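File shown: input14.csv (CSV, C-alpha atoms).
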chain,number,residue,atom,x,y,z
A,22,MET,CA,-17.0,14.5,-0.9
A,23,ASN,CA,-17.6,11.6,1.5
A,24,ALA,CA,-14.7,9.1,1.3
A,25,VAL,CA,-17.1,6.2,0.8
A,26,ASN,CA,-18.4,7.7,-2.5
A,27,ALA,CA,-15.0,9.2,-3.6
A,28,ASN,CA,-13.4,8.0,-6.9
A,29,SER,CA,-9.9,9.3,-6.0
A,30,PHE,CA,-7.7,10.0,-3.0
A,31,ARG,CA,-4.5,11.9,-2.2
A,32,PHE,CA,-2.7,11.3,1.1
A,33,ASP,CA,0.6,11.0,2.9
A,34,ALA,CA,1.6,7.6,4.4
A,35,ASN,CA,4.2,7.2,7.0
A,36,ILE,CA,5.6,3.7,7.4
A,37,VAL,CA,7.6,2.6,10.4
A,38,LEU,CA,9.1,-0.8,10.8
A,39,ASP,CA,10.6,-1.4,14.3
A,40,GLY,CA,12.9,-4.4,14.7
A,41,LYS,CA,15.6,-5.8,12.4
A,42,MET,CA,14.9,-3.3,9.6
A,43,ASN,CA,14.2,0.0,11.5
A,44,ILE,CA,12.6,1.9,8.6
A,45,ASN,CA,10.8,5.2,8.9
A,46,GLN,CA,9.7,6.4,5.5
A,47,THR,CA,6.9,8.8,4.3
A,48,ALA,CA,5.3,8.4,0.8
A,49,HIS,CA,3.0,10.8,-1.0
A,50,VAL,CA,0.2,8.8,-2.7
A,51,GLN,CA,-2.4,9.4,-5.4
A,52,LEU,CA,-5.0,6.8,-5.9
A,53,VAL,CA,-7.8,6.6,-8.6
A,54,LEU,CA,-10.4,3.9,-8.4
A,55,ASN,CA,-11.5,2.2,-11.6
A,56,LYS,CA,-15.3,1.6,-11.4
A,57,ASP,CA,-17.7,-0.1,-13.8
A,58,GLU,CA,-21.0,1.4,-14.9
A,59,ASN,CA,-22.7,0.2,-11.8
A,60,GLY,CA,-20.1,1.9,-9.5
A,61,ALA,CA,-18.4,-1.4,-8.5
A,62,VAL,CA,-14.6,-1.0,-8.0
A,63,GLN,CA,-12.7,-3.1,-10.6
A,64,GLY,CA,-9.2,-1.9,-9.7
A,65,ALA,CA,-7.1,1.2,-9.0
A,66,ASP,CA,-4.4,3.2,-10.5
A,67,VAL,CA,-1.7,4.4,-8.1
A,68,HIS,CA,1.2,6.9,-8.1
A,69,ALA,CA,3.4,6.9,-5.0
A,70,THR,CA,6.6,8.9,-4.5
A,71,ALA,CA,9.2,9.0,-1.7
A,72,GLU,CA,12.6,10.5,-1.1
A,73,ILE,CA,15.3,7.9,-0.4
A,74,GLU,CA,18.9,9.0,0.2
A,75,GLY,CA,18.5,12.2,-1.8
A,76,ARG,CA,16.7,10.7,-4.8
A,77,THR,CA,13.1,10.3,-5.6
A,78,LEU,CA,11.5,6.9,-5.9
A,79,SER,CA,8.4,6.9,-8.1
A,80,ILE,CA,6.1,3.9,-8.4
A,81,LYS,CA,3.2,4.2,-10.8
A,82,VAL,CA,0.7,1.4,-11.2
A,83,LEU,CA,-1.5,1.7,-14.3
A,84,GLY,CA,-3.7,-1.3,-15.0
A,85,ASN,CA,-1.6,-4.5,-15.1
A,86,MET,CA,1.7,-2.6,-15.5
A,87,THR,CA,4.0,-1.1,-12.8
A,88,TYR,CA,6.5,1.7,-13.8
A,89,ILE,CA,9.3,2.3,-11.3
A,90,GLN,CA,11.8,5.1,-11.4
A,91,TYR,CA,14.7,5.8,-9.0
A,92,GLY,CA,17.1,8.4,-10.1
A,93,ASP,CA,18.0,7.5,-13.7
A,94,MET,CA,16.9,3.9,-13.4
A,95,LYS,CA,13.6,2.9,-14.9
A,96,LEU,CA,11.8,-0.5,-14.7
A,97,LYS,CA,8.6,-1.7,-16.3
A,98,LEU,CA,7.0,-4.8,-14.6
A,99,ASN,CA,3.8,-6.8,-14.4
A,100,SER,CA,1.7,-5.5,-11.5
A,101,ASN,CA,0.5,-9.0,-10.7
A,102,ASP,CA,4.1,-10.3,-10.0
A,103,ILE,CA,4.7,-8.7,-6.6
A,104,ASP,CA,7.7,-10.9,-5.7
A,105,THR,CA,9.5,-9.8,-8.9
A,106,ILE,CA,8.7,-6.2,-8.2
A,107,MET,CA,10.1,-6.5,-4.6
A,108,THR,CA,13.2,-8.2,-6.0
A,109,ARG,CA,13.9,-5.5,-8.6
A,110,LEU,CA,13.3,-2.7,-6.1
A,111,ARG,CA,16.0,-4.2,-3.9
A,112,GLU,CA,18.3,-4.3,-6.8
A,113,ILE,CA,18.0,-0.5,-7.5
A,114,LEU,CA,17.4,0.9,-4.1
A,115,PRO,CA,20.2,1.5,-1.5
A,116,GLU,CA,21.2,-1.7,0.4
A,117,GLY,CA,18.9,-2.5,3.3
A,118,THR,CA,16.0,-0.1,2.2
A,119,LEU,CA,13.5,-3.0,1.9
A,120,GLY,CA,15.2,-5.6,4.1
A,121,GLU,CA,16.0,-9.2,2.9
A,122,GLY,CA,13.8,-11.6,0.9
A,123,ALA,CA,11.1,-11.0,-1.6
A,124,ASP,CA,8.6,-13.8,-0.9
A,125,LEU,CA,5.4,-12.4,0.7
A,126,SER,CA,4.9,-15.8,2.5
A,127,ALA,CA,8.2,-15.1,4.3
A,128,MET,CA,7.3,-11.5,5.1
A,129,LEU,CA,3.8,-12.0,6.6
A,130,PRO,CA,2.7,-14.6,9.1
A,131,ALA,CA,0.5,-17.4,7.7
A,132,ALA,CA,-2.6,-16.0,9.5
A,133,TYR,CA,-2.4,-12.8,7.4
A,134,LEU,CA,-2.0,-14.8,4.1
A,135,GLU,CA,-5.0,-17.0,5.0
A,136,LEU,CA,-7.1,-14.0,5.8
A,137,ILE,CA,-6.2,-12.3,2.5
A,138,ASP,CA,-6.9,-15.4,0.5
A,139,SER,CA,-10.3,-15.8,2.3
A,140,PHE,CA,-11.3,-12.4,1.1
A,141,LYS,CA,-10.1,-13.0,-2.4
A,142,ASN,CA,-11.9,-16.4,-2.6
A,143,GLY,CA,-15.1,-15.1,-0.9
A,144,THR,CA,-14.7,-17.7,1.9
A,145,VAL,CA,-14.1,-15.4,4.8
A,146,ASN,CA,-15.8,-16.5,8.1
A,147,ILE,CA,-17.6,-13.3,9.1
A,148,GLU,CA,-18.6,-14.6,12.5
A,149,GLN,CA,-15.1,-15.6,13.4
A,150,LEU,CA,-13.8,-12.3,12.0
A,151,ILE,CA,-16.2,-10.3,14.2
A,152,GLY,CA,-15.3,-12.5,17.2
A,153,ASN,CA,-11.7,-11.4,16.8
A,154,ILE,CA,-12.6,-7.7,17.1
A,155,SER,CA,-12.3,-6.0,20.5
A,156,ASN,CA,-11.9,-2.6,22.2
A,157,ILE,CA,-14.2,-0.8,19.8
A,158,SER,CA,-14.3,2.9,20.4
A,159,ALA,CA,-15.9,6.0,18.8
A,160,THR,CA,-16.1,9.7,19.3
A,161,ASP,CA,-17.1,12.6,17.1
A,162,THR,CA,-13.7,12.7,15.5
A,163,THR,CA,-12.2,9.2,15.9
A,164,ALA,CA,-13.2,5.5,15.6
A,165,GLY,CA,-11.0,2.5,16.5
A,166,ALA,CA,-10.8,-1.2,17.2
A,167,ASP,CA,-8.4,-4.0,17.8
A,168,ILE,CA,-8.4,-7.2,15.7
A,169,GLN,CA,-6.6,-10.5,16.5
A,170,ILE,CA,-4.8,-11.9,13.5
A,171,GLY,CA,-2.8,-14.9,14.5
A,172,ASP,CA,-0.5,-13.9,17.4
A,173,ASP,CA,-0.9,-10.2,16.5
A,174,VAL,CA,-3.3,-7.7,18.0
A,175,VAL,CA,-3.7,-5.1,15.3
A,176,SER,CA,-5.0,-1.7,16.3
A,177,VAL,CA,-6.9,0.3,13.6
A,178,LYS,CA,-7.9,3.9,14.0
A,179,LEU,CA,-9.7,6.4,11.7
A,180,THR,CA,-10.1,10.1,12.1
A,181,ARG,CA,-12.6,12.5,10.5
A,182,ASP,CA,-13.7,16.1,10.3
A,183,GLY,CA,-17.5,16.1,10.0
A,184,GLU,CA,-18.3,13.7,7.3
A,185,GLN,CA,-14.8,13.9,5.8
A,186,LEU,CA,-12.4,11.1,6.5
A,187,THR,CA,-9.0,12.8,7.2
A,188,GLY,CA,-6.7,9.9,8.1
A,189,GLY,CA,-6.0,6.8,10.1
A,190,SER,CA,-3.5,4.4,11.4
A,191,VAL,CA,-2.6,0.7,11.7
A,192,GLN,CA,-0.3,-0.6,14.4
A,193,GLY,CA,1.0,-4.0,15.4
A,194,VAL,CA,1.3,-5.9,12.1
A,195,THR,CA,4.2,-8.3,11.9
A,196,VAL,CA,6.3,-8.0,8.8
A,197,SER,CA,9.5,-10.0,8.5
A,198,ASP,CA,9.9,-10.2,12.3
A,199,ASN,CA,9.4,-6.4,12.5
A,200,LYS,CA,6.4,-4.5,13.8
A,201,LEU,CA,4.7,-2.3,11.3
A,202,ASN,CA,3.0,1.0,12.2
A,203,ALA,CA,1.4,3.0,9.4
A,204,VAL,CA,-0.2,6.4,9.6
A,205,ILE,CA,-2.2,8.1,6.9
A,206,SER,CA,-2.6,11.8,7.0
A,207,ASN,CA,-3.6,14.8,4.9
A,208,LEU,CA,-6.3,12.7,3.2
A,209,SER,CA,-8.1,14.5,0.4
A,210,THR,CA,-10.9,13.2,-1.9
A,211,GLU,CA,-10.5,16.0,-4.4
A,212,PRO,CA,-10.3,14.8,-8.0
A,213,VAL,CA,-6.8,13.3,-8.8
A,214,VAL,CA,-5.4,12.8,-12.3
A,215,ILE,CA,-2.4,10.4,-12.6
A,216,ASP,CA,-0.4,11.3,-15.7
A,217,PRO,CA,-0.3,8.4,-18.2
A,218,VAL,CA,2.9,6.8,-19.5
A,219,THR,CA,3.4,7.7,-23.2
A,220,ASP,CA,4.4,5.1,-25.8
A,221,ALA,CA,7.9,6.6,-26.0
A,222,GLU,CA,8.3,6.4,-22.2
A,223,LYS,CA,7.0,2.8,-22.2
A,224,ALA,CA,9.7,1.8,-24.7
A,225,ILE,CA,12.5,3.4,-22.5
A,226,TRP,CA,11.1,1.6,-19.4
A,227,MET,CA,11.0,-1.7,-21.2
A,228,LEU,CA,14.5,-1.4,-22.6
A,229,GLN,CA,16.0,-0.5,-19.2
A,230,SER,CA,14.1,-3.3,-17.5
A,231,TRP,CA,15.6,-5.8,-20.1
A,232,LEU,CA,19.1,-4.4,-19.8
A,233,THR,CA,19.2,-4.7,-16.0
A,234,MET,CA,17.8,-8.3,-15.8
Go ahead and render the structure in this file as structure tokens.
Amino acid sequence: MNAVNANSFRFDANIVLDGKMNINQTAHVQLVLNKDENGAVQGADVHATAEIEGRTLSIKVLGNMTYIQYGDMKLKLNSNDIDTIMTRLREILPEGTLGEGADLSAMLPAAYLELIDSFKNGTVNIEQLIGNISNISATDTTAGADIQIGDDVVSVKLTRDGEQLTGGSVQGVTVSDNKLNAVISNLSTEPVVIDPVTDAEKAIWMLQSWLTM
């Protein structure tokens, strides 16, 4: 299935932060889009897993709730409160795994936050955005471009096999004074089913979240 029309995705994401944090981590991701009757995307359910110091970190986002498990520790949090999620992750993961600070405004330069807000609010300046794009390239199997965001030149590349999108990469994003390079590979649009969280599991997650506060 063409990635544009797909309802679900499975892929590997390799995240590298080069600088103060020096992180190199691969996550296995399943993503299911939630669409309305007209095919418009209303949200997404996500399940991501990664191996960190011999134990599996599992993050499952279902609607407005996020379920996190690392070893025997389980947390249930509101998906909209990203700062709390980052804080609680730092509490249960090995020291230094996610760096210091949880505030997104402290992690990303203002230019990124302004761009994100403009898309959310529908106020993005399309002409200015296009003017910041350069070095556009395309072949039978790849397409790429650079985009100026604040002081960063962010390189974006996509790869495909025929009509099937197979992966991509983003390089040059500043995150907490580190440079982020992200590579997506093994992309599949075959149907994905993310196992739901049962009522009994929800109760356990909620209890452990309360006990560790």
Please identify every residue of region 49-94 of chain A that has at least one atom no farther than 12 Å from an atom of region 204-214 of chain A, counting all atoms listed in the file, and for each give the shortest atom pair and the distance in Å to one decimal, arranged by chain then increasing number, as a Markdown table.
| residue | atom | partner | partner_atom | distance |
| --- | --- | --- | --- | --- |
| A:His49 | CA | A:Asn207 | CA | 9.7 |
| A:Val50 | CA | A:Leu208 | CA | 9.6 |
| A:Gln51 | CA | A:Val213 | CA | 6.8 |
| A:Leu52 | CA | A:Val213 | CA | 7.3 |
| A:Val53 | CA | A:Val213 | CA | 6.8 |
| A:Leu54 | CA | A:Val213 | CA | 10.1 |
| A:Asp66 | CA | A:Val214 | CA | 9.8 |
| A:Val67 | CA | A:Val214 | CA | 10.1 |
| A:His68 | CA | A:Val214 | CA | 9.8 |
| A:Leu83 | CA | A:Val214 | CA | 11.9 |
**Study point:** Close residues, Ser190 (chain A) itself excluded, 10 Å, all atoms listed in the file, min 3 positions apart in chain, as JSON, numbers by chain
**Key:** {"A": [34, 35, 36, 165, 176, 177, 178, 179, 180, 202, 203, 204, 205, 206]}
Go ahead and write the selection's residues with C-alpha atoms as a short mmCIF file (atom, residue, chain, number, x, y, z; two decimals), keeping the file's coordinate frame.
data_model
loop_
_atom_site.label_atom_id
_atom_site.label_comp_id
_atom_site.auth_asym_id
_atom_site.auth_seq_id
_atom_site.Cartn_x
_atom_site.Cartn_y
_atom_site.Cartn_z
CA ALA A 34 1.60 7.60 4.40
CA ASN A 35 4.20 7.20 7.00
CA ILE A 36 5.60 3.70 7.40
CA GLY A 165 -11.00 2.50 16.50
CA SER A 176 -5.00 -1.70 16.30
CA VAL A 177 -6.90 0.30 13.60
CA LYS A 178 -7.90 3.90 14.00
CA LEU A 179 -9.70 6.40 11.70
CA THR A 180 -10.10 10.10 12.10
CA ASN A 202 3.00 1.00 12.20
CA ALA A 203 1.40 3.00 9.40
CA VAL A 204 -0.20 6.40 9.60
CA ILE A 205 -2.20 8.10 6.90
CA SER A 206 -2.60 11.80 7.00
#
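A straight line drawn from CA of Ala27 (chain A) to CA of Ile103 (chain A) is 26.8 Å long.
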Exercise for review: Between CA of Asn199 (chain A) and CA of Val174 (chain A), measure the distance and give it in Å to one decimal.
Suggested key: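 Distance reported for this atom pair: 13.9 Å.
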Check your understanding: In Å, with one decimal, what is the gap from CA of Asp39 (chain A) to CA of Leu201 (chain A)?
Key ->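 Computing the Euclidean distance for CA of Asp39 (chain A) and CA of Leu201 (chain A) yields 6.7 Å.
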Check your understanding: Within 12 Å of Glu72 (chain A), counting all atoms listed in the file, which residues qualify if same-chain residues fewer than 3 places away don't, as a PyMOL selection string?
Key -> chain A and resi 45-49+69+75-80+90-92+114-115+118
Review point. Pick the closest to Lys41 (chain A) from A:Arg109, A:Pro130, A:Ser197, A:Pro217: which is it, counting all atoms listed in the file?
Key: A:Ser197
Review point. For Ala71 (chain A), which residue among A:Met128, A:Asp33, A:Met107, A:Asp102 is the nearest when counting all atoms listed in the file?
Key: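 So, comparing all the options, the nearest one is A:Asp33.
The shortest atom-to-atom distance to Glu135 (chain A), with all atoms listed in the file taken into account, belongs to A:Ile170 out of A:Met94, A:Ile89, A:Ile170, A:Ile154.
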